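The structure appears below as C-alpha cells.
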Amino acid sequence: MNSKKVIIVGATSGMGRELARIYASAGAQVGVTGRRQDLLYTLQTEFPNKIVTECFDVTGHNNIAHLQSLINKLGGLDIFIDCAGIGVVSSELSRDADKLTIDTNINGFAEMVNWVYNYFLLNNVAGQIVNLSSVAAWRGNSWAPAYSASKAFQSVYFEGLAMKAKRNKSNIVITDIQPGFVYTKESQGNKRFWVSSVQKAARQIYKSIEAKKTRAYVSRRWRMVAFVLKWAPNFLYHKVG
C-alpha cells in the first residue's frame, strides 16, 4: 500500500480528480484543492478516510496558508502535484483571458512550487514536486498564445528547479508531465488526434510520478510530437500554429 502524503492542486475535475482517486485507492493520504467545495466534498465522500479538502483559488492571495493547512491535516507532505491550469482558445486576443491564464499558470504556479521546494529543503524531506505542463510548451500558438507561453514557463522553471535540487544536494525529485490531448468536456466537438481518456492519462501520469521521472509525455507517443515541434522550421510551423 502507498502510505505517502500527497497534495493535488486542482482536483475538482479532469486528471487532478482522477489522480486523487488513484492515490487514495493505493492507500495514500490525499489533500485535494479546487474552487468548488461541493465537488471536493463529493470526492471526499468516495474516500472518507483518505481524502481531506481545502477550497481555494490559486489566483487568490492565500495559497500558502491553504497549503500549510493541508499539510497540517495530512501530518506532512511527500508529493505535491499541481494540476491547476487554464487555457482559453480564441481567434481574438482577450486581455482578460491572458490575465487569468498568467495569474493561474504562472503566478499561482510559481508561488506554490517555490514554497513547496523550500518546505522540502528546510525540513530535509525527500519529496517530489510534479506539474502538469503540456506539449504546447514547445512552441507558440496563435489560438492560445498565453497558454503556450505559460506552459513553456512551467517546463523551463522545472528544468531549472531540477538543476537547483541537484546543486543543493537535496533528495527532491522534480517531475514535469507534458500531456497531449486528453478527452475533457472542453475538448469535445474539436478535431483532435491521439486523444487519451482522462483515466488512461491519469494512470500514465501516476506511473511516471512513482517512477520519479524528470519528464514524461502522456500518452507516450506525444514524445514524437514534441520532437517535431521543437525542430520544425518556422516557415512550416507558422502555417499551422
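Residue numbering restarts at 1 for every chain of the C-alpha cells, chains are lettered A, B, ... in their displayed order, and ligands are numbered from 1 as they appear.
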
**Study point:** Spatial neighbours of stretch 60-72 of chain A, max dist 10 Å, only C-alpha atoms, sep filter under 4 positions, as a count of residues only
**Key:** 27

Review point. Can you tell me, as a ChimeraX atom specification, what residues are no more than 12 Å from A:Gln128 when counting only C-alpha atoms, ignoring any on the same chain fewer than 4 positions away?
Key: /A:4-7,77-82,113,116-121,158,161-162,165,170-176,208-214

Keeping only N, CA and C atoms, write the selected residues to a file as a short mmCIF file (atom, residue, chain, number, x, y, z; two decimals), in the first residue's frame.
data_model
loop_
_atom_site.label_atom_id
_atom_site.label_comp_id
_atom_site.auth_asym_id
_atom_site.auth_seq_id
_atom_site.Cartn_x
_atom_site.Cartn_y
_atom_site.Cartn_z
N LYS A 4 2.02 7.34 1.31
CA LYS A 4 2.54 8.69 1.14
C LYS A 4 1.46 9.74 1.40
N LYS A 5 1.92 10.94 1.67
CA LYS A 5 1.03 12.08 1.86
C LYS A 5 1.15 12.97 0.62
N VAL A 6 0.03 13.16 -0.06
CA VAL A 6 0.01 13.79 -1.38
C VAL A 6 -0.94 14.98 -1.38
N ILE A 7 -0.51 16.09 -1.94
CA ILE A 7 -1.39 17.23 -2.18
C ILE A 7 -1.57 17.38 -3.69
N LEU A 77 4.02 16.06 4.16
CA LEU A 77 3.88 16.11 2.70
C LEU A 77 5.03 15.36 2.05
N ASP A 78 4.70 14.48 1.11
CA ASP A 78 5.71 13.75 0.34
C ASP A 78 5.68 14.13 -1.14
N ILE A 79 4.48 14.31 -1.70
CA ILE A 79 4.35 14.61 -3.12
C ILE A 79 3.39 15.78 -3.30
N PHE A 80 3.84 16.77 -4.05
CA PHE A 80 2.99 17.91 -4.39
C PHE A 80 2.75 17.89 -5.90
N ILE A 81 1.46 17.89 -6.30
CA ILE A 81 1.11 17.81 -7.72
C ILE A 81 0.24 19.02 -8.08
N ASP A 82 0.72 19.82 -9.01
CA ASP A 82 -0.05 20.98 -9.46
C ASP A 82 -0.76 20.64 -10.76
N VAL A 113 4.95 26.34 -6.02
CA VAL A 113 6.11 25.47 -6.24
C VAL A 113 7.33 25.98 -5.48
N VAL A 116 6.79 25.10 -1.77
CA VAL A 116 6.91 23.67 -1.50
C VAL A 116 8.36 23.22 -1.60
N TYR A 117 9.09 23.71 -2.60
CA TYR A 117 10.51 23.35 -2.72
C TYR A 117 11.28 23.71 -1.45
N ASN A 118 11.07 24.94 -0.97
CA ASN A 118 11.77 25.37 0.23
C ASN A 118 11.28 24.63 1.48
N TYR A 119 10.00 24.24 1.49
CA TYR A 119 9.49 23.43 2.60
C TYR A 119 10.23 22.10 2.66
N PHE A 120 10.38 21.44 1.51
CA PHE A 120 11.12 20.17 1.47
C PHE A 120 12.57 20.37 1.88
N LEU A 121 13.18 21.43 1.35
CA LEU A 121 14.60 21.68 1.61
C LEU A 121 14.86 21.97 3.08
N PHE A 158 10.76 24.21 -14.25
CA PHE A 158 11.01 22.89 -13.67
C PHE A 158 12.39 22.36 -14.04
N LEU A 161 14.65 24.13 -11.76
CA LEU A 161 14.45 23.65 -10.39
C LEU A 161 15.11 22.29 -10.18
N ALA A 162 15.05 21.44 -11.19
CA ALA A 162 15.71 20.13 -11.10
C ALA A 162 17.22 20.31 -10.98
N ALA A 165 17.94 21.52 -7.46
CA ALA A 165 17.84 20.44 -6.48
C ALA A 165 19.13 19.62 -6.43
N SER A 170 20.08 17.96 -2.63
CA SER A 170 18.85 17.56 -1.94
C SER A 170 18.35 16.25 -2.53
N ASN A 171 17.34 15.68 -1.88
CA ASN A 171 16.69 14.47 -2.39
C ASN A 171 15.32 14.81 -2.97
N ILE A 172 15.17 16.04 -3.46
CA ILE A 172 13.90 16.48 -4.03
C ILE A 172 13.84 16.09 -5.50
N VAL A 173 12.77 15.42 -5.88
CA VAL A 173 12.56 15.00 -7.27
C VAL A 173 11.62 15.98 -7.95
N ILE A 174 12.00 16.43 -9.14
CA ILE A 174 11.20 17.38 -9.92
C ILE A 174 10.69 16.65 -11.17
N THR A 175 9.37 16.60 -11.34
CA THR A 175 8.77 15.84 -12.45
C THR A 175 7.86 16.74 -13.28
N ASP A 176 8.24 16.90 -14.55
CA ASP A 176 7.47 17.71 -15.50
C ASP A 176 6.68 16.77 -16.40
N SER A 208 4.41 7.54 -14.02
CA SER A 208 5.58 8.39 -14.22
C SER A 208 6.02 9.04 -12.91
N ILE A 209 5.05 9.44 -12.10
CA ILE A 209 5.39 10.03 -10.80
C ILE A 209 6.06 9.00 -9.90
N GLU A 210 5.47 7.81 -9.85
CA GLU A 210 6.02 6.75 -8.99
C GLU A 210 7.41 6.31 -9.47
N ALA A 211 7.65 6.41 -10.79
CA ALA A 211 8.97 6.07 -11.33
C ALA A 211 9.96 7.22 -11.16
N LYS A 212 9.48 8.35 -10.63
CA LYS A 212 10.29 9.54 -10.35
C LYS A 212 10.99 10.04 -11.61
N LYS A 213 10.25 10.09 -12.70
CA LYS A 213 10.82 10.60 -13.95
C LYS A 213 10.99 12.12 -13.88
N THR A 214 11.96 12.61 -14.62
CA THR A 214 12.18 14.04 -14.71
C THR A 214 11.18 14.67 -15.66
#

Review point. As JSON, numbers by chain, which residues of stretch 38-192 of chain A does DSSP assign to helix (DSSP H, G or I)?
Key: {"A": [38, 39, 40, 41, 42, 43, 44, 45, 46, 63, 64, 65, 66, 67, 68, 69, 70, 71, 72, 73, 74, 95, 96, 97, 98, 99, 100, 101, 102, 103, 104, 105, 106, 107, 108, 109, 110, 111, 112, 113, 114, 115, 116, 117, 118, 119, 120, 121, 122, 135, 136, 137, 138, 145, 146, 147, 148, 149, 150, 151, 152, 153, 154, 155, 156, 157, 158, 159, 160, 161, 162, 163, 164, 165, 166, 167, 185, 186, 187]}

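Atom CA of A:Ala136 sits 13.1 Å away from atom CA of A:Asn105.
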
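Going from atom CA of A:Thr42 over to atom CA of A:Thr12, you cover 9.2 Å.
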
Exercise for review: Based on DSSP run over this structure's backbone, return all residues of stretch 2-232 of chain A in strand (DSSP E), as a ChimeraX atom specification.
Suggested key: /A:5-9,29-34,51-55,79-82,128-132,173-179,215-218

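Shortest separation to A:Asn124 among A:Tyr157, A:Trp143, A:Met15, A:Asn168 occurs at residue A:Asn168, atoms counted being only C-alpha atoms.
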
Check your understanding: What separation in Å, quoted to one decimal, exists between atom CA of A:Ala26 and atom CA of A:Lys73?
Key -> 19.0 Å

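Shortest separation to A:Glu159 among A:Lys99, A:Lys207, A:Arg215, A:Arg139 occurs at residue A:Arg215, atoms counted being only C-alpha atoms.
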
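If only C-alpha atoms are the atoms counted, then among A:Asn141, A:Ser3, A:Ser148, A:Ser25 the closest residue to A:Ile86 is A:Ser148.
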
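Among the candidate residues A:Leu132, A:Leu19, A:Val156, A:Ala137, the one lying nearest to A:Ala216 is A:Leu132, with distances computed using only C-alpha atoms.
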
Review point. Between A:Ile51, A:Ala28, A:Val88, A:Cys83, which has the minimum distance to A:Ile205 (counting only C-alpha atoms)?
Key: A:Cys83
